[in-house]
Structure formats: structure tokens, C-alpha cells
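Q: Dropping a structure here in C-alpha cells format, bear with me for questions.
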Amino acid sequence: MANNNIRIAYFSMEISLQSGMPTYAGGLGILAGDTLRSAADMNIPMVGVSLLPRRGYFRQQLGHDGWQQEAHVDWIIEDYLEEIESRTSVNIEGRTVIIRAWKYCLSGGGGDKVFVYFLDTNLPENSAFDRSLADFLYGGDSHYRLCQEVVLGIGGVRMLKVLGYNQLQRFHLNEGHASLLILELLEQKRKLDGDAQVEQMVRDLCVFTTHTPVPAGHDQFPLSMIASVLGPEYSMAGCEDHFCFNNKLNMTYLALANSRYINGVAKKHSQLSRQMYAGYRVDSITNGVHAATWTSQPMQRLFDEYMPGWQMDNLSLRGALNIPTSSIQQAHQSAKKALIEYVNNSSHTGPDKKMDEETFTIGFARRSTVYKRPDLLFTDIDRLKKICAKFVRLQIIFSGKAHPQDREGKLLIQKIIGLGHKLNRHINIVYLNNYDIALAKLLTSGCDLWLNTPQPPLEASGTSGMKAALNGVPSLSTMDGWWLEGCIEGVTGWGIGVPSTLQNAPTQYLQEAGSLYDKLEQIILPLYYQDQEDYVDVMRHAIALNGSYFNTERMLNQYVTKAYY
Ligand SMILES: *Cc1c(COP(=O)(O)O)cnc(C)c1O
């Protein structure tokens with residue numbers, strides 16, 4: 001499609017496109033990549049815009065003491081991206097900062113293409129500081145972040161214009177990092193149309209998706225910093241009631257106040273957002289994952305046989321109920337074999353015991369941070385030991401990075417690694433190094449149970465359990481985010497605790513841990529070891545009911561009809 005036929009620009013601070021490109025930190029970037037992949041499948045006229053992190057997010061190395069070390073990722077950009085000759089610029093603190101773009105071409109299942117541009121300031125014309133803006137994803141201080149957001153938001157709009165994208169009708173902001181694009185659109189419209197109704201015109205262009213249920217997760221910058229970085233061109237006069245509070249510019253409110261359509265990423269999260277952002281209409285579109293990307297090879301072969309065309313018609317995955325349980329089990333065992341081989345051959349921090357393919361395997365992998373509670377399973381060690389003694393065979397695989405500045409998150413990793421050694425005689429626990437999309441695919445397809453224990457209501461959506469569902473791996477999760485919609489007890493997986501427990505936090509913690517042990521001991525482990533056929537039936541329902549729904553094809557269809565149309 002020619003650039004001037006593209007209608008939707010999708011802006012995201014991080015976009016995950018393929019293994020080897022360290023252009024994402026976690027769930028937000030995976031969602032962006034999966035969204036653009038589905039756009040290519042569905043031939044939706046969309047273009048993606050992001051920032052180039054030349055030195056990556058980071059590579060995680062876990063020391064013998066269980067402490068996370070961070071290393072730069074040196075990747076060869078030219079191996080993945082094509083340099084575009086066009087240049088544009090932004091003004092930062094009075095300096096002209098030249099921006100170039102690198103293009104990635106995503107091909108959809110039907111051969112249609114979607115381009116993604118990564119903006120880069122590493123050019124000899126720029127100062128050392130300005131060049132460094134293309135180094136790290138979520139690195140540096142708040143001043144560094146603001147300058148990056150100028151490049152992404154303002155630079156992104158200008159670059160699209162230079163590249164001939166002059167018929168864009170929607171600007172989709174995947175989280176608030178690109179909100180400054182609103183100021184640039186306002187400027188451009190003012191120059192073109194004078195002052196009248198420019199705000200309404202820009203509002204009509206913007207779509208905003210919010211991703212965090214806690215106010216602390218929102219980017220805010222002191223107005224003095226905004227004035228010195230942006231200069232007099234962009235005045236914040238009159239913004240006090242809308243998006244500037246306590247002398248700070250709030251990027252979330254900048255987007256809220258200037259978007260025609262706003263949504264949260266799961267029903268519960270949208271409901272919370274409506275309370276947080278009283279006065280704004282917040283709709284709901286539940287996240288998904290790209291089905292063909294996240295389904296393991298052995299499961300894909302089975303789907304091809306029973307539901308040909310499923311990659312481009314994810315709803316047909318409901319037909320998984322026609323697949324014999326023995327075939328599901330065979331395909332799963334071969335995905336499990338790949339995972340266990342990886343674990344046994346990788347350098348991890350667990351005890352020197354090998355894992356095996358016959359043992360019930362629990363997976364837990366995601367960003368390590370306090371609210372995700374990776375240690376909930378270890379609340380009552382004696383109880384856990386008893387469960388292990390009763391069933392004899394149980395192994396657990398952990399993985400996940402902590403943000404470099406999240407000390408608590410790093411302590412949690414260290415705690416789990418320490419417990420792995422301590423419980424060595426009872427249970428085999430490993431913590432795999434450097435969680436990334438390749439490892440995520442191995443884990444979400446090769447485990448027997450996908451565990452998720454966020455503290456409600458802090459998980460906006462979560463997507464790794466959706467990847468697991470596509471692979472016939474049921475979830476055991478606290479009732480939060482997407483699982484409130486995806487859990488049919490005993491049919492697609494199992495819930496921890498009950499959704500309506502609104503006790504004080506410590507009580508809730510203990511109750512949820514108790515419920516976790518009960519489900520494992522009384523329902524899940526007996527089912528797996530004694531009623532194998534029934535366990536596989538749950539796996540089959542995870543594919544048919546959740547794989548067919550929690551995908552980016554269904555999600556993007558909703559964006560098209562609710563937000564873009
Ligand atoms: C899917 C994915 C995530 C998100 O996992 P959640 O459980 O939804 O938090 C994070 N990191 C990687 C590498 C992933 O593939």
C-alpha cells in the first residue's frame with residue numbers, strides 16, 4: 001500500500017518484532033508487535049512508530065548469589081532494519097536535533113505489508129546527549145525520558161509527514177509515552193487552519209489506550225522542564241484544568257483530554273479506569289496475542305490438520321473440541337520436550353538436578369515486580385513440601401527480568417533462587433536467565449500449567465496466559481485482568497481465591513495462598529496424575545474457548561469498529 005493510502009498511525013515506546021531485536025521491555029511492547037502483525041494479516045492500513053534502542057533494554061545475567069546484573073545488548077541494526085534517507089528534526093532546549101528512521105517490514109499471512117519506523121538520533125550532526133536518546137529503552141532520568149518522548153511524539157508526526165503519510169485519519173497512542181504528538185498535531189493544524197476548532201480536529205484524530213491501573217505509573221514532567229525542553233513554541237497556557245496538575249504535565253491526561261476514543265485493556269481494568277478518570281468516557285477492548293506467532297510448531301501442525309486457515313480466522317480455533325485428546329497430548333508433549341531440553345542444556349541458577357518430561361511442570365515467567373507476587377507460591381513452605389511429598393513429582397520453571405531500578409523486583413528473583421536451593425530435596429525449581437520472546441514461546445507452550453499471581457486489581461490485562469491457552473496450557477491465576485473473563489472454573493483452567501474478596505491486603509494474601517495450595521493439591525495434581533484424559537480436556541477447552549477469543553485478530557476488529565471507524 002502506498003504511504004498516502006495509510007490511515008492509522010500506531011505509536012508505541014516499545015514494539016517487539018522478532019527475536020534478536022531488543023526493542024521491547026515486556027507486555028506493552030509484545031502487544032504492540034502482535035497488534036501490527038494482525039494489522040498486516042487483516043490488511044489494515046496502519047503504520048507503526050517507535051524509538052530505536054541501540055543498546056537494547058538490557059540482557060539479564062543472574063549471578064550465583066541470585067542477584068540480577070544488567071548488560072548492554074549490542075545488536076546489528078542493519079541486519080533487521082533498512083535505513084531511510086529522509087530526515088526530520090525536533091527542537092530540544094533550543095538545539096535542532098536531526099532524526100532519521102529505520103524501517104521494518106512486517107508481512108501478514110496473506111502477503112500484505114505493514115511498515116514500522118524506529119526513530120534514531122544517533123547522527124554526527126547531533127550532540128553527544130542528543131545521540132544518546134537512541135540508546136536505552138526506559139533508561140536514564142526523567143529529563144532523558146522527556147527528551148525521548150519529544151523525539152517519539154513530535155519527531156514521529158514530523159517523520160510520517162516527510163515520508164508522505166499525508167492521509168492519516170487516526171493516531172493511536174499505545175499508552176501515554178507518545179502524548180506529545182498531540183501538541184505537534186495542534187501546531188500543524190493551527191498553521192493550516194488558524195485557531196478555529198483545531199482542538200476538535202485533533203481530538204477527532206486521536207485514540208488512546210491506557211494500560212496501568214495505578215496513578216504512579218503515569219509519566220509526569222515539571223512544567224519548568226517542559227518549558228526548557230520544548231521551548232516557547234508549545235505553550236501550556238490554559239492546560240491547568242485538563243492535563244497539568246501541581247505544576248506538572250501529566251501525559252496520561254494530555255491523551256485523555258485530547259482523544260476521541262479511550263479504552264482500557266480488560267473489562268475490570270476499564271471499570272477501574274472509569275473511576276480513576278471521572279468525566280472521561282472509557283470503553284473497553286480486552287487485549288489479545290497473535291495466534292500464529294505464539295502457537296508452537298507441533299500444535300500448529302495439529303491445528304492445520306483440524307482447522308485449516310485458523311491463522312487468518314482465529315475464531316475457527318473453537319473447532320479444537322474436535323481434536324482427539326490423544327493428539328492434543330502428543331503435540332503438547334513434543335512442545336514440552338523442547339522446553340525440558342532447553343532447561344537441561346541452559347545455564348540457569350537452579351540446583352544441578354535435571355528436569356524430565358513426565359513430571360508435572362508449572363511455569364511462571366513475567367517481569368519481576370512486587371505486585372506480580374512471584375513468591376506467593378512460597379507463602380507456606382511446609383504446605384508446599386507436603387504437597388510435593390504427596391505427589392512426589394513436581395517441577396517449577398521461573399523466568400523474568402526486574403527493571404534495573406526496581407530493587408524489590410530484584411530481591412524477589414534472589415529470594416526464589418535461594419528457595420530453589422533450599423528446597424532442592426523436595427522440589428526441582430529453576431530460574432532461567434534473560435526472559436525474552438523466544439523463551440516466552442518455549443515456556444508458554446511447554447509447561448503443563450501456567451501460574452499467575454498478581455495482586456488484584458493491579459494487573460491491567462496480562463497476556464502470557466493467552467499465549468499459554470493457544471498452546472493448550474491452562475492457567476491457574478488470581479482473579480484479575482483478562483483472567484476474570486477467561487476463567488471458566490475447571491473448564492479453561494482454575495481461579496485462585498474469589499473475585500469479590502476485598503479484605504485488607506495481608507488477609508487476602510494468606511487466603512489467596514491457601515486457595516492456590518488447595519487447587520493444586522485437591523484438583524489440579526490429582527487430575528493430571530490420575531485422570532489424564534480429563535486434564536487434556538481442560539487443555540482442549542483452553543484452546544477452543546480462550547485461544548479463539550483472546551487474540552489480536554478479535555482485538556483489532558474491535559479497534560476498527562469502535563475506535564478507528
Ligand atoms: C508475553 C510476555 C510478557 C507479558 O507477560 P504478562 O504475564 O502478561 O505480564 C512479558 N515479557 C515477554 C518476553 C513476553 O513474551
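Going by the C-alpha cells order, chains are called A, B, ..., each with residues numbered from 1, while ligands are numbered from 1 in the order shown.
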Using backbone DSSP assignments, extract all alpha helix (DSSP H) residues from segment 346-544 of chain A; output them as a ChimeraX atom specification.

A: /A:381-391,407-422,437-446,464-470,483-486,505-518,525-530,532-541

Q: Residues up to 8 Å from ligand 1, counting only C-alpha atoms and all ligand atoms: could you list those as an MDAnalysis selection string?

A: chainID A and resid 25:28 30:31 365:367 400 435:441 452 461:465 467

Q: Residues as selected, C-alpha atoms, written as an mmCIF file, in the first residue's frame, can you do that?

A:
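The resulting file, part.cif, is reproduced below:
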```cif
data_model
loop_
_atom_site.group_PDB
_atom_site.id
_atom_site.type_symbol
_atom_site.label_atom_id
_atom_site.label_comp_id
_atom_site.auth_asym_id
_atom_site.auth_seq_id
_atom_site.Cartn_x
_atom_site.Cartn_y
_atom_site.Cartn_z
ATOM 1 C CA ALA A 25 10.790 -4.450 27.724
ATOM 2 C CA GLY A 26 7.670 -6.519 28.308
ATOM 3 C CA GLY A 27 3.938 -6.861 27.809
ATOM 4 C CA LEU A 28 3.341 -3.403 26.296
ATOM 5 C CA ILE A 30 4.625 -7.529 22.843
ATOM 6 C CA LEU A 31 1.088 -6.191 22.496
ATOM 7 C CA ALA A 365 7.507 -16.004 33.804
ATOM 8 C CA ARG A 366 6.992 -12.273 33.551
ATOM 9 C CA ARG A 367 8.525 -9.029 34.792
ATOM 10 C CA GLY A 400 11.676 -12.800 34.240
ATOM 11 C CA TYR A 435 13.457 -13.880 29.692
ATOM 12 C CA ASP A 436 12.646 -12.833 26.123
ATOM 13 C CA ILE A 437 10.115 -13.662 23.405
ATOM 14 C CA ALA A 438 11.878 -16.856 22.320
ATOM 15 C CA LEU A 439 11.933 -18.126 25.882
ATOM 16 C CA ALA A 440 8.347 -16.967 26.408
ATOM 17 C CA LYS A 441 7.252 -19.110 23.475
ATOM 18 C CA ASN A 452 -0.042 -16.117 37.514
ATOM 19 C CA SER A 461 -4.733 -7.375 31.491
ATOM 20 C CA GLY A 462 -1.775 -9.733 31.259
ATOM 21 C CA THR A 463 -1.162 -11.615 28.039
ATOM 22 C CA SER A 464 1.183 -14.534 28.760
ATOM 23 C CA GLY A 465 -1.745 -16.700 29.897
ATOM 24 C CA LYS A 467 -0.203 -17.444 24.801
#
```

Q: Do you know which residues are at most 8 Å from segment 93-106 of chain A counting only C-alpha atoms, after dropping those on the same chain fewer than 3 positions away, and could you put them as an MDAnalysis selection string?

A: chainID A and resid 36:37 40 80:90 113:123 125:126 130 151 155 159 228:231

Q: I'd like to know which of A:Leu160, A:Ile543, A:Ile397, A:Leu451 is closest to Leu470 of chain A, using only C-alpha atoms.

A: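 Among the listed residues, A:Ile543 lies closest to Leu470 of chain A.
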
Q: As an exercise, work out the distance from atom CA of Arg260 of chain A to atom CA of Glu149 of chain A in Å and give it to one decimal place.

A: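 These two atoms are separated by 21.5 Å.
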
Q: Please list as a PyMOL selection string every residue within 12 Å of segment 513-525 of chain A, counting only C-alpha atoms and excluding residues in the same chain fewer than 6 positions away.

A: chain A and resi 359-362+373-395+448-455+474-479+489-491+493-498+506-507+531-532+534-536+538
